[in-house]
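Here is my_file38.txt, consisting of compact mmCIF, C-alpha atoms and all ligand atoms:
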```txt
# COMPACT_ATOMS: atom_id res chain seq x y z
CA MET F 1265 95.85 65.73 96.91
CA ALA F 1266 93.26 66.81 94.32
CA ASP F 1267 94.19 66.38 90.67
CA GLN F 1268 94.08 70.15 90.14
CA PHE F 1269 95.11 72.67 92.71
CA GLU F 1270 96.39 76.22 93.07
CA ALA F 1271 99.86 76.88 94.40
CA GLU F 1272 102.54 79.51 94.69
CA VAL F 1273 105.92 79.25 93.02
CA ILE F 1274 108.46 79.52 95.84
CA ALA F 1275 111.57 78.60 93.90
CA ALA F 1276 112.56 78.75 90.28
CA PHE F 1277 115.63 77.70 88.39
CA GLY F 1278 114.82 77.91 84.71
CA ARG F 1279 112.17 75.25 84.18
CA HIS F 1280 112.85 73.56 87.51
CA LEU F 1281 110.24 74.88 89.89
CA CYS F 1282 109.10 74.34 93.40
CA VAL F 1283 105.56 75.18 94.47
CA ARG F 1284 103.84 75.47 97.82
CA ALA F 1285 100.23 74.42 98.29
CA GLY F 1286 99.12 74.68 101.90
CA ASP F 1287 101.92 73.18 103.95
CA GLU F 1288 103.25 71.04 101.16
CA GLU F 1289 106.25 71.90 99.00
CA LEU F 1290 106.48 70.06 95.69
CA ARG F 1291 108.74 70.04 92.70
CA ALA F 1292 106.92 71.03 89.53
CA ARG F 1293 107.51 71.85 85.89
CA PRO F 1294 105.68 73.90 83.27
CA SER F 1295 103.33 71.91 81.04
CA GLY F 1296 104.39 73.69 77.86
CA ARG F 1297 107.22 75.65 76.33
CA ARG F 1298 105.20 78.84 76.12
CA LEU F 1299 104.49 79.19 79.83
CA SER F 1300 106.82 81.71 81.39
CA ILE F 1301 106.86 81.21 85.13
CA VAL F 1302 108.82 83.14 87.74
CA CYS F 1303 109.20 83.01 91.47
CA GLY F 1304 106.18 84.52 93.21
CA ASP F 1305 103.72 83.39 90.55
CA ARG F 1306 100.36 81.94 91.58
CA VAL F 1307 99.73 78.95 89.38
CA ARG F 1308 97.25 76.16 88.67
CA CYS F 1309 98.82 72.72 88.86
CA GLU F 1310 97.85 69.27 87.73
CA VAL F 1311 99.09 65.98 89.08
CA ASP F 1312 100.58 63.81 86.37
CA ARG F 1313 100.03 60.43 88.01
CA LYS F 1314 101.69 58.51 85.22
CA HIS F 1315 105.02 60.24 85.73
CA ASN F 1316 104.46 61.03 89.39
CA ASP F 1317 104.99 64.64 88.57
CA VAL F 1318 103.37 68.03 89.12
CA LEU F 1319 102.64 70.04 86.01
CA ILE F 1320 101.91 73.75 86.00
CA VAL F 1321 99.12 74.33 83.51
CA GLU F 1322 98.31 78.00 84.04
CA VAL F 1323 99.81 81.16 85.50
CA LEU F 1324 97.13 83.14 87.34
CA PRO F 1325 96.96 86.90 86.72
CA ARG F 1326 99.92 88.70 88.30
CA ARG F 1327 99.29 91.59 90.67
CA THR F 1328 102.77 92.94 89.98
CA LEU F 1329 105.58 91.96 87.69
CA LEU F 1330 109.13 93.18 87.77
CA ALA F 1331 110.97 93.03 84.47
CA ARG F 1332 114.60 93.37 83.57
CA ALA F 1333 116.25 94.40 80.34
CA ASN F 1334 118.17 91.49 78.86
CA THR F 1335 121.31 91.91 76.75
CA ARG F 1336 119.23 92.58 73.62
CA GLY F 1337 117.22 95.27 75.41
CA ASP F 1338 114.04 93.19 75.54
CA SER F 1339 112.21 92.95 78.81
CA GLU F 1340 112.10 89.66 80.67
CA PRO F 1341 109.99 88.84 83.74
CA VAL F 1342 112.06 88.55 86.90
CA VAL F 1343 109.69 88.05 89.81
CA ALA F 1344 105.92 88.26 90.24
CA ASN F 1345 103.52 89.48 92.90
CA ILE F 1346 106.08 91.25 95.04
CA THR F 1347 104.91 94.32 96.93
CA GLN F 1348 108.26 95.90 97.79
CA LEU F 1349 111.60 96.48 96.12
CA VAL F 1350 114.35 97.09 98.66
CA VAL F 1351 117.26 98.95 97.08
CA VAL F 1352 120.44 98.35 99.03
CA VAL F 1353 122.92 101.26 99.05
CA PRO F 1354 126.10 101.66 101.07
CA PRO F 1355 128.13 104.79 101.70
CA LEU F 1356 131.09 102.89 100.18
CA PRO F 1357 131.81 101.93 97.47
CA ARG F 1358 130.23 105.21 96.44
CA PRO F 1359 126.84 104.29 94.99
CA ASP F 1360 125.72 105.23 91.50
CA LEU F 1361 122.57 107.08 92.51
CA PHE F 1362 121.26 106.98 88.96
CA VAL F 1363 121.10 103.20 89.29
CA VAL F 1364 119.27 103.63 92.60
CA ASP F 1365 116.78 105.97 90.93
CA ARG F 1366 116.26 103.50 88.09
CA TYR F 1367 115.35 100.74 90.51
CA LEU F 1368 112.95 103.01 92.37
CA CYS F 1369 111.31 104.12 89.10
CA ALA F 1370 110.98 100.50 87.98
CA ALA F 1371 109.23 99.75 91.27
CA THR F 1372 106.78 102.62 90.80
CA ALA F 1373 106.06 101.54 87.22
CA ALA F 1374 105.23 98.06 88.43
CA GLY F 1375 103.01 99.29 91.28
CA ILE F 1376 105.56 98.17 93.85
CA ARG F 1377 106.71 100.14 96.90
CA GLY F 1378 110.34 101.27 96.71
CA THR F 1379 112.36 101.24 99.93
CA LEU F 1380 116.00 101.99 100.79
CA ALA F 1381 118.25 99.85 102.94
CA ILE F 1382 121.29 101.98 103.70
CA ASN F 1383 123.77 99.24 104.52
CA LYS F 1384 127.26 99.45 106.03
CA SER F 1385 126.11 101.95 108.64
CA ASP F 1386 129.38 101.16 110.42
CA LEU F 1387 131.09 103.27 107.73
CA GLU F 1388 130.96 107.03 107.71
CA VAL F 1389 128.45 108.66 105.34
CA ASP F 1390 129.70 111.68 103.49
CA PRO F 1391 127.34 114.63 104.25
CA GLU F 1392 126.55 115.23 100.59
CA LEU F 1393 125.53 111.62 100.10
CA ASP F 1394 123.51 111.78 103.29
CA ARG F 1395 121.59 114.74 101.85
CA GLU F 1396 120.78 112.66 98.78
CA PHE F 1397 119.49 109.83 100.96
CA SER F 1398 117.32 112.38 102.78
CA ALA F 1399 116.06 113.75 99.45
CA LEU F 1400 114.99 110.23 98.47
CA ASN F 1401 113.32 109.84 101.82
CA SER F 1402 111.35 113.08 101.44
CA ALA F 1403 110.41 112.07 97.89
CA GLY F 1404 108.50 109.26 99.58
CA TYR F 1405 110.79 106.25 99.99
CA ALA F 1406 111.06 104.69 103.44
CA ARG F 1407 114.59 103.93 104.59
CA ALA F 1408 116.37 101.88 107.19
CA SER F 1409 120.03 102.11 108.13
CA CYS F 1410 121.71 98.83 108.89
CA SER F 1411 124.98 97.01 109.03
CA ALA F 1412 125.00 93.41 107.89
CA ARG F 1413 128.53 93.07 109.23
CA GLN F 1414 127.81 94.32 112.75
CA GLY F 1415 124.21 93.16 112.89
CA HIS F 1416 122.95 96.68 113.58
CA GLY F 1417 119.59 97.94 112.38
CA LEU F 1418 118.43 94.52 111.27
CA ASP F 1419 115.24 94.84 113.29
CA ALA F 1420 114.43 98.13 111.54
CA LEU F 1421 114.92 96.34 108.24
CA ARG F 1422 112.79 93.41 109.39
CA GLY F 1423 110.16 95.96 110.35
CA LEU F 1424 110.11 97.25 106.75
CA LEU F 1425 109.90 93.69 105.41
CA GLY F 1426 106.96 92.82 107.68
CA GLY F 1427 103.69 92.18 105.85
CA ALA F 1428 105.36 92.60 102.44
CA VAL F 1429 106.77 90.38 99.73
CA SER F 1430 110.16 91.90 98.98
CA VAL F 1431 113.22 91.56 96.79
CA LEU F 1432 116.62 93.03 97.63
CA VAL F 1433 118.40 94.64 94.71
CA GLY F 1434 121.44 96.81 94.22
CA GLN F 1435 124.83 96.97 92.58
CA SER F 1436 127.46 94.40 93.23
CA GLY F 1437 129.31 94.90 96.51
CA VAL F 1438 126.58 96.77 98.38
CA GLY F 1439 126.07 93.88 100.79
CA LYS F 1440 122.96 92.09 99.51
CA SER F 1441 124.25 88.57 100.14
CA SER F 1442 125.52 89.64 103.55
CA LEU F 1443 122.07 91.03 104.42
CA VAL F 1444 120.35 87.88 103.21
CA ARG F 1445 122.67 85.80 105.39
CA ALA F 1446 122.05 88.09 108.37
CA LEU F 1447 118.27 88.10 107.92
CA LEU F 1448 117.87 84.46 106.94
CA PRO F 1449 120.39 82.22 108.58
CA GLY F 1450 120.59 79.00 106.58
CA ALA F 1451 118.91 80.39 103.46
CA GLU F 1452 121.62 79.43 101.01
CA VAL F 1453 121.66 75.91 102.37
CA ILE F 1454 117.93 75.52 101.70
CA THR F 1455 118.26 76.86 98.16
CA GLY F 1456 121.09 74.47 97.47
CA GLU F 1457 119.07 71.50 98.66
CA LEU F 1458 115.98 72.36 96.66
CA MET F 1459 117.57 73.50 93.51
CA ARG F 1460 120.01 71.04 92.10
CA ASP F 1461 120.19 70.67 88.38
CA ASP F 1462 119.76 67.33 86.62
CA GLU F 1463 123.35 66.34 87.33
CA GLY F 1464 122.85 67.07 91.00
CA ARG F 1465 125.00 70.20 90.90
CA HIS F 1466 123.96 73.15 93.01
CA THR F 1467 122.89 76.17 91.10
CA THR F 1468 123.38 79.79 92.00
CA THR F 1469 120.79 81.21 89.61
CA ALA F 1470 117.76 79.98 91.50
CA SER F 1471 115.29 82.36 93.10
CA ARG F 1472 113.67 81.33 96.32
CA ALA F 1473 111.03 82.80 98.64
CA TYR F 1474 111.88 82.78 102.34
CA GLN F 1475 109.87 83.66 105.40
CA VAL F 1476 111.45 86.43 107.46
CA GLU F 1477 111.01 86.00 111.21
CA PRO F 1478 108.39 88.43 112.51
CA LEU F 1479 109.33 91.03 115.10
CA ALA F 1480 107.44 90.77 118.36
CA GLY F 1481 103.88 91.95 117.82
CA SER F 1482 104.08 92.38 114.04
CA ALA F 1483 103.72 90.39 110.86
CA GLY F 1484 106.56 88.45 109.30
CA GLY F 1485 107.47 89.09 105.70
CA THR F 1486 108.52 87.18 102.65
CA LEU F 1487 111.86 87.80 101.02
CA ILE F 1488 112.50 86.49 97.55
CA ASP F 1489 116.18 86.07 96.99
CA SER F 1490 117.81 85.41 93.71
CA PRO F 1491 121.48 85.90 93.05
CA GLY F 1492 120.55 86.33 89.38
CA VAL F 1493 118.21 89.25 89.94
CA ARG F 1494 120.05 91.01 92.73
CA ASP F 1495 121.71 93.43 90.32
CA PHE F 1496 119.46 93.26 87.25
CA ALA F 1497 118.95 96.27 84.96
CA PRO F 1498 115.29 97.29 85.20
CA ALA F 1499 113.31 97.40 81.95
CA ILE F 1500 112.77 100.96 80.78
CA ASP F 1501 109.77 100.43 78.51
CA HIS F 1502 107.48 99.78 81.49
CA LEU F 1503 107.95 103.28 82.87
CA ASP F 1504 105.11 105.74 83.09
CA ALA F 1505 105.48 108.08 80.08
CA GLN F 1506 104.60 111.24 82.00
CA THR F 1507 106.62 111.08 85.22
CA LEU F 1508 108.90 108.06 84.65
CA GLY F 1509 108.04 107.12 88.23
CA PHE F 1510 109.48 110.10 90.12
CA PRO F 1511 106.99 110.75 92.94
CA GLU F 1512 108.18 114.35 93.48
CA ILE F 1513 107.50 115.04 89.77
CA ASP F 1514 104.16 113.31 89.95
CA ALA F 1515 103.22 115.54 92.88
CA ARG F 1516 104.21 118.74 91.05
CA SER F 1517 103.20 118.13 87.44
CA PRO F 1518 99.56 119.25 87.98
CA GLY F 1519 101.09 122.71 88.55
CA CYS F 1520 102.79 122.77 85.11
CA ARG F 1521 101.27 125.06 82.47
CA PHE F 1522 101.04 122.26 79.91
CA GLN F 1523 99.25 119.08 80.74
CA ASP F 1524 101.70 116.98 78.74
CA CYS F 1525 104.77 118.82 80.13
CA LYS F 1526 107.89 116.66 80.01
CA HIS F 1527 109.63 119.01 82.46
CA LEU F 1528 112.61 119.61 80.17
CA GLN F 1529 112.43 123.23 78.99
CA GLU F 1530 108.72 123.99 78.86
CA PRO F 1531 107.65 127.42 80.11
CA GLY F 1532 105.62 127.44 83.31
CA CYS F 1533 107.02 124.08 84.45
CA ALA F 1534 106.40 123.51 88.17
CA VAL F 1535 109.15 120.89 88.34
CA ILE F 1536 111.86 123.18 86.92
CA ALA F 1537 110.66 125.87 89.35
CA ALA F 1538 110.98 123.45 92.29
CA VAL F 1539 114.54 122.59 91.26
CA ALA F 1540 115.39 126.31 91.03
CA THR F 1541 114.17 126.88 94.61
CA ARG F 1542 115.87 123.64 95.75
CA GLU F 1543 112.59 122.10 96.83
CA MET F 1544 113.44 119.24 94.50
CA SER F 1545 116.93 117.73 94.45
CA ALA F 1546 118.93 118.92 91.43
CA ARG F 1547 120.56 115.51 91.30
CA ARG F 1548 117.20 113.74 91.16
CA TYR F 1549 116.10 116.11 88.40
CA GLU F 1550 119.31 115.40 86.43
CA SER F 1551 118.58 111.72 86.87
CA TYR F 1552 115.08 112.30 85.51
CA ARG F 1553 116.52 114.02 82.41
CA ARG F 1554 118.93 111.18 81.84
CA LEU F 1555 116.22 108.55 82.20
CA ARG F 1556 113.99 110.64 79.91
CA ARG F 1557 116.68 110.51 77.21
CA LEU F 1558 117.00 106.73 77.59
CA TYR F 1559 113.23 106.38 77.51
CA THR F 1560 112.95 108.50 74.38
CA ASP F 1561 115.68 106.54 72.61
CA LEU F 1562 114.28 103.19 73.59
CA VAL F 1563 110.53 103.51 73.64
CA GLU F 1564 109.48 106.48 71.54
CA ALA F 1565 111.96 105.66 68.76
CA ARG F 1566 110.12 102.40 68.19
CA GLY F 1567 107.07 104.40 67.18
CA PRO F 1568 103.42 103.59 67.87
CA GLY F 1569 102.63 99.90 67.65
CA GLN F 1570 106.32 99.07 67.78
CA ARG F 1571 106.30 98.78 71.51
CA LYS F 1572 107.78 95.42 72.33
CA ARG F 1573 105.65 92.85 73.99
CA ARG F 1574 106.03 92.51 77.74
P1 LIG R 1601 126.65 91.88 97.23
O1 LIG R 1601 127.53 91.86 96.02
O2 LIG R 1601 125.70 93.04 97.18
O3 LIG R 1601 125.94 90.61 97.49
O4 LIG R 1601 127.60 92.21 98.47
P2 LIG R 1601 128.25 91.23 99.54
O5 LIG R 1601 127.26 90.82 100.56
O6 LIG R 1601 129.02 90.19 98.85
O7 LIG R 1601 129.26 92.25 100.27
C1 LIG R 1601 130.26 92.96 99.58
C2 LIG R 1601 131.34 93.36 100.55
O8 LIG R 1601 130.84 94.28 101.50
C3 LIG R 1601 131.89 92.19 101.36
O9 LIG R 1601 133.28 92.35 101.50
C4 LIG R 1601 131.19 92.32 102.70
O10 LIG R 1601 131.93 91.79 103.75
C5 LIG R 1601 131.06 93.82 102.83
N1 LIG R 1601 129.92 94.20 103.68
C6 LIG R 1601 128.67 93.72 103.65
N2 LIG R 1601 127.89 94.30 104.61
C7 LIG R 1601 128.71 95.18 105.25
C8 LIG R 1601 128.51 96.09 106.33
O11 LIG R 1601 127.44 96.22 106.93
N3 LIG R 1601 129.59 96.84 106.70
C9 LIG R 1601 130.81 96.75 106.07
N4 LIG R 1601 131.79 97.53 106.49
N5 LIG R 1601 131.02 95.89 105.06
C10 LIG R 1601 130.00 95.12 104.66
ZN ZN R 1602 106.65 120.45 83.93
```
In structure tokens, write the structure found in this file.
Amino acid sequence: MADQFEAEVIAAFGRHLCVRAGDEELRARPSGRRLSIVCGDRVRCEVDRKHNDVLIVEVLPRRTLLARANTRGDSEPVVANITQLVVVVPPLPRPDLFVVDRYLCAATAAGIRGTLAINKSDLEVDPELDREFSALNSAGYARASCSARQGHGLDALRGLLGGAVSVLVGQSGVGKSSLVRALLPGAEVITGELMRDDEGRHTTTASRAYQVEPLAGSAGGTLIDSPGVRDFAPAIDHLDAQTLGFPEIDARSPGCRFQDCKHLQEPGCAVIAAVATREMSARRYESYRRLRRLYTDLVEARGPGQRKRR
């Protein structure tokens, strides 16, 4: 193998990394403290012959980056170069749709497609909740209904994963691990083997990219799974200041009287008008207002130039 080569990070556990170059999978580590590397990164590596080691010397520009808010409210990179964020929601336990909206907005802000996996389709969906799922669907998010437990709808979900690099997210208990097990038999075993810490213990905080079996006649997909990011809180400061990532607001804001309309109480607001005529979901609009308040408190309160580094 050449002394320098490009590779893709397919597993990460802190500074323990695994890269793929061609057909080869190698353990690697960052060459310096300052390099922040996440699963999905494209990197330049160097072979350290003396220590029989692979060093990552550079992270290539990321096409997308998903960030989470850590406990101090700073944003931290979670996963790079994904093209799709699959938000898993079940009918029960009753989902917090504001959390669902936040994930979808985070996806939009990062230039990533947001998609819904409505899991536990073996349970009855309350009609009001079903209307909210439909509202999300008409706002522009594709959806698939599935049941990890019964194995229903998994092909529809595979269809949505085809040709994309995806991450499954959602609140605890929605069935993410069950879906990963259903989609990727043996996945947890592989992660365990690759990602042991220095004492040889298995770790549960590793992220790992898996190939999802293609459906007949279509492309397979990549699914990056990480128990640690499955229910992360998306970073708010990456949101688009104007629309916060609501596609149905984005579509209507050109009709607002004021170009910088925040759609709160401005006269001539096309968004408020659409809520009044029920063309836009009142719940989604309420979610927008709530996220707007969070955004104002977090981002605008810092003032110009105070915006935290990404
Ligand atoms: P996670 O916290 O999102 O990873 O959720 P888990 O995969 O651990 O699942 C949480 C609970 O939901 C478990 O008791 C699962 O057995 C159950 N569950 C997962 N998928 C389904 C499903 O399709 N139908 C039903 N009824 N239960 C499910
Ligand atoms: Zn407006």
Nearest candidate to ligand ZN 1602 (chain R) (options F:Gln1506, F:Gln1435, F:Ser1551, F:Thr1328; using all atoms listed in the file):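 Closest candidate: F:Gln1506.
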All residues having an atom within 12 Å of ligand ZN 1602 (chain R) (all atoms listed in the file) as a PyMOL selection string: chain F and resi 1506-1507+1512-1539+1549+1552-1553
Neighbourhood of ligand LIG 1601 (chain R) at 6 Å, counting only C-alpha atoms and all ligand atoms, reported as a PyMOL selection string: chain F and resi 1383-1384+1386-1387+1411-1413+1436-1442
Spatial neighbours of Gln1348 in chain F, max dist 9 Å, all atoms listed in the file, sep filter under 3 positions, as an NGL selection string: :F and (1371 or 1376-1379 or 1425 or 1428-1432)
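Using all atoms listed in the file, the nearest neighbour of Asn1401 in chain F within the list F:Asn1316, F:Cys1309, F:Ala1381, F:Gly1286 is F:Ala1381.
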Coordinates-based distance that separates CA of Gly1434 in chain F from CA of Arg1494 in chain F (Å, one decimal): 6.1 Å
Who sits within 12 Å of Val1363 in chain F, all atoms listed in the file, same chain under 6 positions skipped, as a ChimeraX atom specification: /F:1351-1353,1369-1370,1433-1436,1495-1498,1548,1551-1552,1554-1555
Two-atom distance - CA of Ala1333 in chain F, CA of Ala1271 in chain F (Å):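 Going from CA of Ala1333 in chain F over to CA of Ala1271 in chain F, I get 27.8 Å.
Interatomic distance, CA of Leu1361 in chain F to CA of Arg1327 in chain F: 28.0 Å.
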Cut-off 8 Å around (101.5, 85.9, 99.3) with only C-alpha atoms: residues as JSON, numbers by chain: {"F": [1272, 1304, 1345, 1429, 1486]}
Written selection (C-alpha atoms) as a PDB file, in the frame of the given file:
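Writing the result to selection-v4.pdb gives the following:
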```
ATOM      1  CA  GLU F1272     102.540  79.510  94.690  1.00  0.00           C
ATOM      2  CA  GLY F1304     106.180  84.520  93.210  1.00  0.00           C
ATOM      3  CA  ASN F1345     103.520  89.480  92.900  1.00  0.00           C
ATOM      4  CA  VAL F1429     106.770  90.380  99.730  1.00  0.00           C
ATOM      5  CA  THR F1486     108.520  87.180 102.650  1.00  0.00           C
TER       6      THR F1486
END
```
Go through range 1312-1419 of chain F residue by residue and, counting all atoms listed in the file, keep those with an atom at most 7 Å from range 1295-1302 of chain F; for each kept residue give the shortest atom pair and its distance in Å to one decimal, ordered by chain and increasing number, as JSON lines.
```
{"residue": "F:Leu1319", "atom": "CA", "partner": "F:Ser1295", "partner_atom": "CA", "distance": 5.4}
{"residue": "F:Ile1320", "atom": "CA", "partner": "F:Ser1295", "partner_atom": "CA", "distance": 5.5}
{"residue": "F:Val1321", "atom": "CA", "partner": "F:Ser1295", "partner_atom": "CA", "distance": 5.4}
{"residue": "F:Val1342", "atom": "CA", "partner": "F:Val1302", "partner_atom": "CA", "distance": 6.4}
{"residue": "F:Val1343", "atom": "CA", "partner": "F:Val1302", "partner_atom": "CA", "distance": 5.4}
{"residue": "F:Ala1344", "atom": "CA", "partner": "F:Val1302", "partner_atom": "CA", "distance": 6.4}
```
Residue among F:Gly1423, F:Val1307, F:Ala1480, F:Asp1489 lying closest to Arg1445 in chain F, counting only C-alpha atoms: F:Asp1489
Of the listed residues F:Val1273, F:Val1389, F:Leu1418, F:Leu1330, that which approaches Pro1357 in chain F most closely, counting only C-alpha atoms: F:Val1389
Counting only C-alpha atoms, the residue of F:Phe1510, F:Tyr1405, F:Gly1481, F:Leu1487 that sits nearest Leu1448 in chain F: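 So, comparing all the options, the nearest one is F:Leu1487.
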Could you pull range 1365-1374 of chain F out of the block above and save it with all heavy atoms, as a JSON list (two decimals), in the first residue's frame?
```json
[["chain", "number", "residue", "atom", "x", "y", "z"],
["F", 1365, "ASP", "N", -39.64, 17.38, 14.74],
["F", 1365, "ASP", "CA", -39.42, 18.58, 13.93],
["F", 1365, "ASP", "C", -37.97, 19.07, 14.07],
["F", 1365, "ASP", "O", -37.35, 19.48, 13.09],
["F", 1365, "ASP", "CB", -40.36, 19.71, 14.37],
["F", 1365, "ASP", "CG", -41.82, 19.42, 13.99],
["F", 1365, "ASP", "OD1", -42.04, 18.63, 13.05],
["F", 1365, "ASP", "OD2", -42.72, 19.97, 14.64],
["F", 1366, "ARG", "N", -37.45, 19.03, 15.28],
["F", 1366, "ARG", "CA", -36.07, 19.50, 15.48],
["F", 1366, "ARG", "C", -35.07, 18.68, 14.69],
["F", 1366, "ARG", "O", -34.13, 19.22, 14.11],
["F", 1366, "ARG", "CB", -35.70, 19.44, 16.96],
["F", 1366, "ARG", "CG", -36.08, 20.71, 17.69],
["F", 1366, "ARG", "CD", -35.46, 20.76, 19.05],
["F", 1366, "ARG", "NE", -34.00, 20.91, 19.02],
["F", 1366, "ARG", "CZ", -33.26, 21.08, 20.09],
["F", 1366, "ARG", "NH1", -33.82, 21.13, 21.28],
["F", 1366, "ARG", "NH2", -31.95, 21.19, 19.98],
["F", 1367, "TYR", "N", -35.26, 17.37, 14.65],
["F", 1367, "TYR", "CA", -34.37, 16.54, 13.84],
["F", 1367, "TYR", "C", -34.48, 16.91, 12.36],
["F", 1367, "TYR", "O", -33.49, 17.04, 11.67],
["F", 1367, "TYR", "CB", -34.71, 15.06, 13.99],
["F", 1367, "TYR", "CG", -34.21, 14.42, 15.27],
["F", 1367, "TYR", "CD1", -35.08, 13.78, 16.14],
["F", 1367, "TYR", "CD2", -32.85, 14.42, 15.58],
["F", 1367, "TYR", "CE1", -34.63, 13.18, 17.30],
["F", 1367, "TYR", "CE2", -32.39, 13.82, 16.74],
["F", 1367, "TYR", "CZ", -33.29, 13.20, 17.60],
["F", 1367, "TYR", "OH", -32.83, 12.60, 18.75],
["F", 1368, "LEU", "N", -35.73, 17.07, 11.90],
["F", 1368, "LEU", "CA", -35.93, 17.37, 10.48],
["F", 1368, "LEU", "C", -35.32, 18.72, 10.12],
["F", 1368, "LEU", "O", -34.71, 18.88, 9.06],
["F", 1368, "LEU", "CB", -37.43, 17.33, 10.15],
["F", 1368, "LEU", "CG", -38.08, 15.94, 10.28],
["F", 1368, "LEU", "CD1", -39.59, 16.03, 10.12],
["F", 1368, "LEU", "CD2", -37.50, 14.95, 9.26],
["F", 1369, "CYS", "N", -35.45, 19.70, 11.03],
["F", 1369, "CYS", "CA", -34.86, 21.02, 10.78],
["F", 1369, "CYS", "C", -33.33, 20.93, 10.77],
["F", 1369, "CYS", "O", -32.68, 21.59, 9.96],
["F", 1369, "CYS", "CB", -35.31, 22.02, 11.85],
["F", 1369, "CYS", "SG", -37.06, 22.42, 11.72],
["F", 1370, "ALA", "N", -32.79, 20.13, 11.67],
["F", 1370, "ALA", "CA", -31.33, 19.97, 11.71],
["F", 1370, "ALA", "C", -30.84, 19.37, 10.40],
["F", 1370, "ALA", "O", -29.80, 19.76, 9.86],
["F", 1370, "ALA", "CB", -30.93, 19.07, 12.88],
["F", 1371, "ALA", "N", -31.62, 18.43, 9.86],
["F", 1371, "ALA", "CA", -31.26, 17.82, 8.58],
["F", 1371, "ALA", "C", -31.23, 18.88, 7.49],
["F", 1371, "ALA", "O", -30.23, 19.03, 6.77],
["F", 1371, "ALA", "CB", -32.24, 16.71, 8.23],
["F", 1372, "THR", "N", -32.30, 19.66, 7.39],
["F", 1372, "THR", "CA", -32.37, 20.70, 6.38],
["F", 1372, "THR", "C", -31.18, 21.66, 6.50],
["F", 1372, "THR", "O", -30.55, 22.01, 5.51],
["F", 1372, "THR", "CB", -33.69, 21.50, 6.52],
["F", 1372, "THR", "OG1", -34.75, 20.57, 6.52],
["F", 1372, "THR", "CG2", -33.87, 22.49, 5.38],
["F", 1373, "ALA", "N", -30.89, 22.07, 7.74],
["F", 1373, "ALA", "CA", -29.79, 23.02, 7.95],
["F", 1373, "ALA", "C", -28.47, 22.45, 7.47],
["F", 1373, "ALA", "O", -27.59, 23.19, 7.03],
["F", 1373, "ALA", "CB", -29.69, 23.37, 9.43],
["F", 1374, "ALA", "N", -28.32, 21.14, 7.55],
["F", 1374, "ALA", "CA", -27.06, 20.51, 7.16],
["F", 1374, "ALA", "C", -27.07, 20.08, 5.70],
["F", 1374, "ALA", "O", -26.11, 19.49, 5.22],
["F", 1374, "ALA", "CB", -26.78, 19.32, 8.07]]
```
